[in-house]
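S.K.: What follows is upload_38.cif, made up of mmCIF, C-alpha atoms:
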```
data_protein
#
loop_
_atom_site.label_atom_id
_atom_site.label_comp_id
_atom_site.auth_asym_id
_atom_site.auth_seq_id
_atom_site.Cartn_x
_atom_site.Cartn_y
_atom_site.Cartn_z
CA MET A 13 62.48 -11.03 -36.82
CA ASN A 14 60.25 -8.20 -35.71
CA GLN A 15 57.27 -9.87 -37.34
CA ALA A 16 58.02 -13.12 -35.49
CA ASN A 17 58.23 -11.22 -32.21
CA GLU A 18 54.95 -9.50 -32.97
CA ILE A 19 53.29 -12.84 -33.65
CA LEU A 20 54.65 -14.24 -30.38
CA GLU A 21 53.46 -11.12 -28.51
CA LEU A 22 50.00 -11.44 -30.08
CA LYS A 23 49.85 -15.10 -29.07
CA ARG A 24 50.92 -14.21 -25.55
CA MET A 25 48.32 -11.45 -25.35
CA ASN A 26 45.67 -13.76 -26.76
CA SER A 27 46.58 -16.42 -24.21
CA ALA A 28 46.49 -13.84 -21.39
CA LEU A 29 43.10 -12.61 -22.65
CA LYS A 30 41.71 -16.14 -22.71
CA GLU A 31 42.99 -16.69 -19.17
CA SER A 32 41.42 -13.41 -18.02
CA ASN A 33 38.13 -14.39 -19.67
CA ARG A 34 38.30 -17.81 -17.99
CA ILE A 35 38.91 -16.23 -14.59
CA LEU A 36 36.15 -13.70 -15.19
CA LYS A 37 33.75 -16.43 -16.28
CA GLU A 38 34.55 -18.50 -13.20
CA GLU A 39 34.11 -15.45 -10.99
CA LEU A 40 30.75 -14.68 -12.58
CA GLU A 41 29.67 -18.29 -12.17
CA ARG A 42 30.67 -18.19 -8.51
CA LYS A 43 28.73 -14.98 -7.98
CA ASN A 44 25.70 -16.31 -9.84
CA THR A 45 25.85 -19.52 -7.83
CA LEU A 46 26.02 -17.51 -4.63
CA ILE A 47 23.20 -15.15 -5.67
CA ASN A 48 20.98 -18.02 -6.78
CA HIS A 49 21.50 -19.99 -3.58
CA LEU A 50 21.10 -17.19 -1.07
CA PRO A 51 18.04 -17.73 1.16
CA CYS A 52 16.46 -14.48 -0.04
CA THR A 53 14.85 -13.04 -3.15
CA ILE A 54 16.87 -10.61 -5.26
CA SER A 55 15.67 -8.48 -8.13
CA TRP A 56 17.20 -5.67 -10.17
CA ILE A 57 14.77 -2.91 -11.18
CA ASN A 58 15.15 0.42 -12.98
CA ASP A 59 13.36 3.71 -12.34
CA ASP A 60 10.77 2.89 -15.04
CA LEU A 61 9.86 -0.04 -12.77
CA ASP A 62 11.13 -2.56 -15.31
CA TYR A 63 12.58 -5.83 -14.04
CA LEU A 64 16.20 -6.19 -15.22
CA ALA A 65 16.84 -9.60 -13.64
CA ILE A 66 15.88 -11.80 -10.69
CA ASN A 67 17.55 -14.63 -8.82
CA LYS A 68 16.41 -18.25 -8.70
CA GLU A 69 14.84 -17.89 -5.23
CA LEU A 70 12.34 -15.37 -6.62
CA GLU A 71 11.76 -17.53 -9.71
CA ASP A 72 10.93 -20.52 -7.55
CA LEU A 73 8.80 -18.51 -5.11
CA LEU A 74 6.46 -17.14 -7.79
CA ASP A 75 7.00 -19.96 -10.31
CA VAL A 76 7.82 -17.42 -13.02
CA HIS A 77 10.97 -17.75 -15.18
CA ASN A 78 13.67 -15.06 -15.15
CA GLU A 79 13.14 -14.34 -18.85
CA VAL A 80 9.46 -13.60 -18.21
CA PHE A 81 10.38 -11.14 -15.47
CA GLU A 82 12.91 -9.35 -17.67
CA ALA A 83 10.10 -8.37 -20.07
CA GLN A 84 7.74 -7.13 -17.33
CA LYS A 85 7.19 -4.22 -14.98
CA VAL A 86 6.84 -4.37 -11.22
CA GLY A 87 3.25 -5.27 -10.40
CA PHE A 88 2.60 -7.23 -13.60
CA ILE A 89 1.15 -10.07 -11.53
CA LYS A 90 -0.83 -7.73 -9.25
CA ALA A 91 -0.38 -3.99 -8.83
CA GLU A 92 -3.44 -2.76 -6.93
CA GLY A 93 -3.13 -3.52 -3.23
CA ASN A 94 0.35 -4.99 -3.73
CA PRO A 95 2.61 -3.73 -0.89
CA PHE A 96 5.78 -4.58 -2.86
CA TYR A 97 4.64 -2.51 -5.84
CA ASP A 98 3.69 0.41 -3.58
CA PHE A 99 7.06 0.26 -1.81
CA ILE A 100 9.13 0.17 -5.04
CA LYS A 101 7.10 2.94 -6.68
CA ASN A 102 7.44 5.19 -3.63
CA PHE A 103 11.15 4.32 -3.33
CA PHE A 104 11.95 5.62 -6.80
CA ASP A 105 9.77 8.68 -6.19
CA LYS A 106 11.86 9.59 -3.12
CA GLU A 107 15.34 11.08 -2.95
CA LEU A 108 16.61 8.08 -1.02
CA ASP A 109 19.53 5.74 -1.69
CA PHE A 110 18.23 3.10 0.73
CA ASP A 111 14.87 2.14 2.22
CA GLN A 112 13.20 -0.90 3.75
CA VAL A 113 9.75 -2.09 4.73
CA GLU A 114 8.00 -4.99 6.45
CA TYR A 115 4.64 -6.17 5.17
CA LEU A 116 2.26 -9.13 5.22
CA THR A 117 1.29 -10.80 1.95
CA GLU A 118 -0.36 -14.01 0.80
CA ILE A 119 1.42 -16.43 -1.53
CA SER A 120 -0.34 -19.61 -2.70
CA GLY A 121 -2.92 -19.14 0.05
CA GLU A 122 -0.26 -18.88 2.78
CA LYS A 123 0.33 -15.67 4.74
CA LYS A 124 3.94 -14.53 4.76
CA HIS A 125 5.77 -11.74 6.59
CA ASN A 126 8.40 -10.09 4.40
CA LEU A 127 11.29 -7.74 5.02
CA VAL A 128 12.29 -5.92 1.81
CA MET A 129 15.39 -3.72 1.45
CA ALA A 130 16.19 -1.55 -1.57
CA GLN A 131 19.50 0.07 -2.55
CA LYS A 132 19.86 2.40 -5.55
CA TYR A 133 22.88 2.56 -7.86
CA LYS A 134 23.79 4.04 -11.28
CA GLY A 135 22.88 7.54 -10.20
CA GLN A 136 19.61 6.36 -8.62
CA LYS A 137 18.44 5.00 -11.99
CA GLU A 138 18.48 1.38 -10.89
CA ALA A 139 18.10 -0.53 -7.64
CA VAL A 140 18.77 -3.95 -6.21
CA ILE A 141 15.91 -5.25 -4.10
CA ILE A 142 16.50 -7.96 -1.50
CA GLY A 143 13.58 -9.71 0.24
CA PHE A 144 13.60 -11.98 3.28
CA ASP A 145 10.86 -14.27 4.53
CA ILE A 146 10.63 -13.37 8.23
CA THR A 147 7.47 -15.37 8.96
CA ASP A 148 9.20 -17.67 11.46
CA LYS A 149 10.79 -14.66 13.18
CA LYS A 150 7.40 -12.92 13.45
CA GLN A 151 5.75 -16.05 14.82
CA MET A 152 8.51 -16.36 17.40
CA GLU A 153 8.09 -12.71 18.35
CA SER A 154 4.34 -13.22 18.72
CA LYS A 155 4.94 -16.20 20.98
CA ILE A 156 7.36 -14.16 23.07
CA LEU A 157 4.78 -11.38 23.35
CA HIS A 158 2.16 -13.88 24.50
CA ASP A 159 4.57 -15.44 27.01
CA GLU A 160 5.40 -11.96 28.29
CA ARG A 161 1.70 -11.31 28.93
CA LEU A 162 1.44 -14.55 30.91
CA ARG A 163 4.55 -13.61 32.88
CA SER A 164 3.00 -10.23 33.65
CA ILE A 165 -0.13 -11.93 34.98
CA ALA A 166 1.97 -14.21 37.18
CA GLU A 167 3.81 -11.19 38.61
CA LEU A 168 0.53 -9.36 39.20
CA SER A 169 -1.37 -12.34 40.60
CA THR A 170 -1.02 -11.46 44.30
CA GLY A 171 -2.32 -7.94 43.80
CA ILE A 172 -5.11 -9.13 41.51
CA ILE A 173 -6.27 -11.66 44.10
CA HIS A 174 -6.33 -8.85 46.65
CA GLU A 175 -8.37 -6.66 44.28
CA ILE A 176 -10.92 -9.44 43.85
CA LYS A 177 -11.04 -10.40 47.55
CA ASN A 178 -12.03 -6.89 48.63
CA PRO A 179 -15.24 -6.66 46.58
CA LEU A 180 -16.04 -10.29 47.38
CA ALA A 181 -15.86 -9.43 51.09
CA VAL A 182 -18.29 -6.54 50.50
CA ILE A 183 -20.64 -8.84 48.56
CA LYS A 184 -20.51 -11.50 51.27
CA GLY A 185 -21.11 -8.96 54.05
CA SER A 186 -23.98 -7.30 52.19
CA ALA A 187 -25.60 -10.66 51.48
CA GLU A 188 -25.38 -11.64 55.17
CA ILE A 189 -26.95 -8.34 56.27
CA MET A 190 -29.70 -8.74 53.65
CA SER A 191 -30.41 -12.22 54.99
CA ILE A 192 -30.74 -10.90 58.55
CA LYS A 193 -32.94 -7.98 57.43
CA CYS A 194 -35.22 -10.33 55.53
CA GLU A 195 -35.62 -12.59 58.58
CA GLU A 196 -36.49 -9.51 60.64
CA LYS A 197 -38.80 -8.31 57.82
CA LYS A 198 -36.91 -5.01 57.68
CA TYR A 199 -36.73 -4.20 53.96
CA ASP A 200 -36.10 -0.46 54.05
CA LYS A 201 -32.32 -0.66 53.32
CA LEU A 202 -32.25 -3.69 51.04
CA GLY A 203 -31.86 -1.51 47.94
CA GLN A 204 -28.68 -0.02 49.38
CA PHE A 205 -27.10 -3.45 49.87
CA ILE A 206 -28.27 -4.69 46.46
CA SER A 207 -26.57 -1.64 44.93
CA LYS A 208 -23.34 -2.49 46.77
CA ILE A 209 -23.46 -6.07 45.51
CA ASP A 210 -24.15 -4.87 41.99
CA ASN A 211 -21.22 -2.40 42.04
CA MET A 212 -18.77 -4.90 43.49
CA THR A 213 -19.83 -7.55 40.98
CA ASP A 214 -19.17 -5.08 38.15
CA ARG A 215 -15.74 -4.38 39.61
CA ILE A 216 -14.85 -8.07 39.71
CA LEU A 217 -16.09 -8.55 36.15
CA THR A 218 -13.97 -5.60 35.00
CA ILE A 219 -10.87 -7.13 36.60
CA ILE A 220 -11.63 -10.50 35.00
CA ASP A 221 -12.19 -8.87 31.60
CA GLY A 222 -8.88 -7.06 31.92
CA LEU A 223 -7.08 -10.30 32.81
CA LYS A 224 -8.67 -12.11 29.88
CA ASN A 225 -7.62 -9.34 27.51
CA LEU A 226 -4.10 -9.31 28.93
CA ALA A 227 -3.74 -13.11 28.76
CA ARG A 228 -5.32 -13.79 25.39
CA ASP A 229 -3.20 -14.62 22.37
CA THR A 230 -3.66 -11.56 20.14
CA ARG A 231 -1.69 -12.88 17.14
CA GLU A 232 -4.81 -13.25 15.01
CA ASP A 233 -6.81 -10.40 16.56
CA LYS A 234 -7.83 -7.43 14.46
CA ARG A 235 -8.26 -3.85 15.61
CA GLU A 236 -11.73 -2.99 16.85
CA LEU A 237 -13.38 0.18 18.15
CA THR A 238 -13.07 0.06 21.94
CA PRO A 239 -14.02 2.63 24.61
CA LEU A 240 -10.83 4.19 25.98
CA SER A 241 -12.44 4.39 29.43
CA LYS A 242 -12.83 0.59 29.46
CA ILE A 243 -9.16 0.05 28.63
CA ILE A 244 -8.01 2.53 31.29
CA GLU A 245 -10.29 1.07 33.96
CA GLU A 246 -9.21 -2.51 33.29
CA SER A 247 -5.52 -1.58 33.19
CA SER A 248 -5.75 0.46 36.40
CA LEU A 249 -7.50 -2.27 38.37
CA ILE A 250 -4.96 -4.88 37.23
CA ILE A 251 -1.89 -2.81 38.16
CA LYS A 252 -3.15 -0.69 41.06
CA ASN A 253 -2.23 -3.04 43.88
CA ARG A 254 1.26 -3.61 42.50
CA VAL A 255 1.80 0.16 42.45
CA HIS A 256 0.55 0.57 46.02
CA SER A 257 2.70 -2.36 47.21
CA ASN A 258 5.73 -0.26 46.20
CA GLY A 259 4.44 2.56 48.42
CA VAL A 260 3.67 4.64 45.32
CA SER A 261 0.54 6.73 44.85
CA PHE A 262 -1.25 6.37 41.52
CA ASN A 263 -3.63 8.98 40.16
CA MET A 264 -5.37 10.06 37.00
CA SER A 265 -5.18 13.77 36.35
CA ASN A 266 -8.43 14.01 34.41
CA GLU A 267 -11.72 12.25 33.75
CA ILE A 268 -12.05 10.20 30.59
CA ASP A 269 -14.89 10.98 28.22
CA SER A 270 -16.83 7.71 27.90
CA SER A 271 -17.54 8.51 24.25
CA ILE A 272 -13.85 8.37 23.24
CA MET A 273 -13.24 5.30 21.08
CA ILE A 274 -9.94 3.99 19.75
CA ASN A 275 -9.45 1.47 16.96
CA CYS A 276 -7.08 -1.01 18.57
CA ILE A 277 -6.37 -4.53 19.79
CA GLU A 278 -7.60 -4.08 23.34
CA GLY A 279 -5.33 -6.62 25.05
CA GLN A 280 -2.24 -5.06 23.51
CA ILE A 281 -3.05 -1.55 24.75
CA ILE A 282 -3.74 -2.96 28.20
CA GLN A 283 -0.34 -4.65 28.16
CA ILE A 284 1.37 -1.39 27.19
CA LEU A 285 -0.27 0.52 30.04
CA VAL A 286 0.31 -2.24 32.61
CA ASN A 287 4.00 -2.35 31.64
CA LEU A 288 4.46 1.43 31.66
CA ILE A 289 2.68 1.98 34.98
CA GLY A 290 4.40 -1.02 36.58
CA ASN A 291 7.85 0.07 35.37
CA SER A 292 7.29 3.62 36.64
CA SER A 293 6.20 2.44 40.09
CA GLU A 294 9.30 0.24 40.41
CA ALA A 295 11.57 3.05 39.19
CA VAL A 296 10.44 5.49 41.91
CA ALA A 297 9.88 2.99 44.72
CA GLN A 298 13.08 4.10 46.50
CA ASN A 299 12.56 7.82 45.95
CA ALA A 300 11.52 10.21 48.71
CA GLU A 301 8.68 11.40 46.48
CA LYS A 302 6.73 8.47 45.01
CA TRP A 303 3.95 8.92 42.51
CA VAL A 304 2.78 7.78 39.09
CA SER A 305 0.18 9.67 37.10
CA LEU A 306 -1.80 8.93 33.96
CA ASP A 307 -3.02 11.79 31.81
CA ILE A 308 -5.28 11.65 28.72
CA THR A 309 -5.32 14.45 26.14
CA GLU A 310 -6.34 14.77 22.49
CA ASP A 311 -5.25 16.49 19.34
CA PRO A 312 -7.25 16.54 16.08
CA GLN A 313 -5.95 13.13 14.95
CA HIS A 314 -4.74 11.36 18.08
CA ILE A 315 -5.44 10.26 21.63
CA LEU A 316 -2.39 10.92 23.81
CA ILE A 317 -1.90 8.78 26.92
CA ARG A 318 0.96 9.96 29.11
CA VAL A 319 2.39 7.93 31.99
CA SER A 320 4.60 10.13 34.20
CA ASP A 321 6.33 9.52 37.49
CA SER A 322 8.20 11.41 40.18
CA GLY A 323 11.57 10.54 38.65
CA HIS A 324 13.63 13.32 37.10
CA GLY A 325 14.66 11.70 33.83
CA ILE A 326 16.59 8.73 32.48
CA PRO A 327 20.40 8.78 32.06
CA GLN A 328 21.61 9.18 28.47
CA GLU A 329 23.43 5.83 28.45
CA ILE A 330 20.16 4.07 29.28
CA LEU A 331 18.09 6.21 26.90
CA GLU A 332 20.14 4.95 23.96
CA LYS A 333 19.39 1.31 24.76
CA MET A 334 16.11 1.13 26.65
CA PHE A 335 13.95 0.22 23.65
CA ASN A 336 16.37 -2.53 22.57
CA PRO A 337 15.21 -6.15 22.98
CA PHE A 338 16.36 -7.77 26.21
CA PHE A 339 17.93 -4.59 27.60
CA THR A 340 17.24 -4.19 31.31
CA THR A 341 18.57 -2.29 34.29
CA LYS A 342 16.98 -4.75 36.71
CA PRO A 343 19.04 -7.31 38.66
CA LYS A 344 19.66 -10.70 37.08
CA GLY A 345 16.55 -12.87 37.21
CA VAL A 346 14.22 -9.89 37.63
CA GLY A 347 12.30 -9.09 34.46
CA THR A 348 13.16 -9.96 30.87
CA GLY A 349 14.29 -6.52 29.74
CA MET A 350 11.69 -6.73 26.98
CA GLY A 351 9.03 -4.46 28.45
CA LEU A 352 9.67 -1.22 26.59
CA GLY A 353 10.66 -2.96 23.37
CA ILE A 354 7.41 -4.90 23.44
CA CYS A 355 5.43 -1.78 24.27
CA ARG A 356 6.83 0.12 21.30
CA GLU A 357 6.17 -2.78 18.90
CA LEU A 358 2.61 -3.12 20.16
CA ALA A 359 2.02 0.63 19.81
CA GLU A 360 3.22 0.50 16.20
CA GLU A 361 1.08 -2.56 15.52
CA ASN A 362 -1.89 -0.44 16.60
CA LEU A 363 -0.77 2.34 14.18
CA GLY A 364 0.51 4.42 17.08
CA SER A 365 3.82 5.31 18.67
CA LEU A 366 5.52 5.26 22.05
CA ASN A 367 8.18 7.79 23.00
CA TYR A 368 10.04 8.98 26.07
CA GLU A 369 10.35 12.61 27.08
CA LEU A 370 11.13 14.72 30.11
CA PHE A 371 7.75 16.31 30.88
CA ASN A 372 7.62 19.17 33.38
CA GLY A 373 10.95 17.93 34.70
CA HIS A 374 9.68 14.37 35.25
CA THR A 375 10.16 11.02 33.53
CA SER A 376 7.28 10.28 31.16
CA PHE A 377 6.24 8.07 28.27
CA GLU A 378 3.67 9.19 25.71
CA LEU A 379 1.51 6.60 23.95
CA LYS A 380 -0.02 8.15 20.83
CA LEU A 381 -2.91 6.35 19.18
CA PRO A 382 -4.99 7.36 16.16
CA LYS A 383 -8.60 8.34 16.71
CA ASN A 384 -11.26 6.02 15.34
#
```
Just give me the structure as structure tokens.
M.R.:
Amino acid sequence: MNQANEILELKRMNSALKESNRILKEELERKNTLINHLPCTISWINDDLDYLAINKELEDLLDVHNEVFEAQKVGFIKAEGNPFYDFIKNFFDKELDFDQVEYLTEISGEKKHNLVMAQKYKGQKEAVIIGFDITDKKQMESKILHDERLRSIAELSTGIIHEIKNPLAVIKGSAEIMSIKCEEKKYDKLGQFISKIDNMTDRILTIIDGLKNLARDTREDKRELTPLSKIIEESSLIIKNRVHSNGVSFNMSNEIDSSIMINCIEGQIIQILVNLIGNSSEAVAQNAEKWVSLDITEDPQHILIRVSDSGHGIPQEILEKMFNPFFTTKPKGVGTGMGLGICRELAEENLGSLNYELFNGHTSFELKLPKN
């Protein structure tokens, strides 16, 4: 009787084991189906940089079968100059459980923006790597940046027209006087008026150059060596009238060495400065003391551009959000709330940084850019 019971118990256990295996198999199939149909690439890699497995999305992307990957190391297709290889190698070299990176790569002749996130497990011996194609997101961001530049120009248009009308009036007046002097055959002061016309023409051209740089679509632009003095002059002329219209004084605390060059996308740096100076002038427009200053300093590796104003700091609740997309303290319908977020992204795109600090008791933003 005991033997019969034992046989029945074994059959029951065997049946339960089969059912558990069936459930486990179904669960694994569901997970594999999910993993292989997620709109992202997934790979499992160990600290020797060996591929352990990949999902179907990565197979299809590179047209390489899973079994081929499992016998290869990271970078077997291309290691040198491969941002993914560099990221994974550095990730396992660091004492980090999680890291992420964005980079641009080319696949089948097409440029792609990627966001890659890595999470270690098994005592940091292995990691799961998840990659997202964020090309559409980046293109949308670029379009938004371009639209923001156009919006800035529209907001500045009245002041810019005023800035151009003033030198045009000087040119017209000088030309009329020169005409009269020539009729009277009095040529002794013609050089003086020619110099005025020349200077005012240069001023107009500088304003136009600044507008072109601010308006241009910089999505495909590459960084180029540009005189810092040119960027500052163009930015100042574009924004100056808007600052003055708020009853705010604008000054530069030091002269700019004309030999200082920065490796940048010129239109993007102009946009940063126009936004910072414009924001500062609006922030202090209702203050008793109203001023905005721009100060240029250097350290061995960087050019430091500081925009300060007569404000006495930003409240903590705003500090925590002010670089977030679409955050604004302006009334509804005034501004997009994207200014500072855009400025920081543009600074980083130019290998620099943008940070807030209370400087000598006043509100300030420091734009740090690498020297050429």
S.K.: Given the choices A:Ser271, A:Asn26, A:Thr117, A:Asn299, which gets closest to Gly323 in chain A if the distance is worked out from only C-alpha atoms?
M.R.: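 With only C-alpha atoms as the atom set, the closest residue is A:Asn299.
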S.K.: Spell out the residues picked by the PyMOL selection byres ((chain A and resi 282) around 8) here, as a PyMOL selection string.
M.R.: chain A and resi 222+225-226+243-244+246-247+278-281+283-286
S.K.: Calculate how many Å separate CA of Val128 in chain A from CA of Arg235 in chain A, rounding to one decimal.
M.R.: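 Computed distance, CA of Val128 in chain A to CA of Arg235 in chain A, equals 24.8 Å.
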S.K.: Would you please work out which residue, of A:Ile189, A:Met264, A:Ile354, A:Leu366, is nearest to Lys155 in chain A when using only C-alpha atoms?
M.R.: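 Checking each of A:Ile189, A:Met264, A:Ile354, A:Leu366 against Lys155 in chain A, counting only C-alpha atoms, the winner is A:Ile354.
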S.K.: Could you spell out the hits of the PyMOL selection byres ((chain A and resi 377-379) around 7) on the shown file, as a PyMOL selection string?
M.R.: chain A and resi 316-320+365-369+376+380-381
S.K.: Just to be explicit: take each residue in the selection above, keep C-alpha atoms, and write the result as a PDB file, in the coordinates of the input.
M.R.:
```
ATOM      1  CA  LEU A 316      -2.390  10.920  23.810  1.00  0.00           C
ATOM      2  CA  ILE A 317      -1.900   8.780  26.920  1.00  0.00           C
ATOM      3  CA  ARG A 318       0.960   9.960  29.110  1.00  0.00           C
ATOM      4  CA  VAL A 319       2.390   7.930  31.990  1.00  0.00           C
ATOM      5  CA  SER A 320       4.600  10.130  34.200  1.00  0.00           C
ATOM      6  CA  SER A 365       3.820   5.310  18.670  1.00  0.00           C
ATOM      7  CA  LEU A 366       5.520   5.260  22.050  1.00  0.00           C
ATOM      8  CA  ASN A 367       8.180   7.790  23.000  1.00  0.00           C
ATOM      9  CA  TYR A 368      10.040   8.980  26.070  1.00  0.00           C
ATOM     10  CA  GLU A 369      10.350  12.610  27.080  1.00  0.00           C
ATOM     11  CA  SER A 376       7.280  10.280  31.160  1.00  0.00           C
ATOM     12  CA  LYS A 380      -0.020   8.150  20.830  1.00  0.00           C
ATOM     13  CA  LEU A 381      -2.910   6.350  19.180  1.00  0.00           C
TER      14      LEU A 381
END
```
S.K.: Name all residues at most 10 Å from Pro382 in chain A (count all atoms listed in the file; drop same-chain ones fewer than 4 positions away) and give them as a PyMOL selection string.
M.R.: chain A and resi 273-276+310-316+362-365
S.K.: Write out as a PyMOL selection string the residues lying within 9 Å of range 89-96 of chain A, counting all atoms listed in the file and excluding same-chain residues fewer than 4 positions away.
M.R.: chain A and resi 100-101+113+115-117+128
S.K.: Within 12 Å of Val182 in chain A, counting all atoms listed in the file, which residues show up once you throw out same-chain ones fewer than 3 positions away? Write them as JSON, numbers by chain, please.
M.R.: {"A": [175, 176, 177, 178, 179, 185, 186, 187, 188, 189, 205, 206, 207, 208, 209, 210, 211, 212, 213, 215, 216]}
S.K.: Have a look at CA of Thr309 in chain A and CA of Ile289 in chain A and let me know their distance in Å, one decimal.
M.R.: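 These atoms are spaced 17.3 Å apart.
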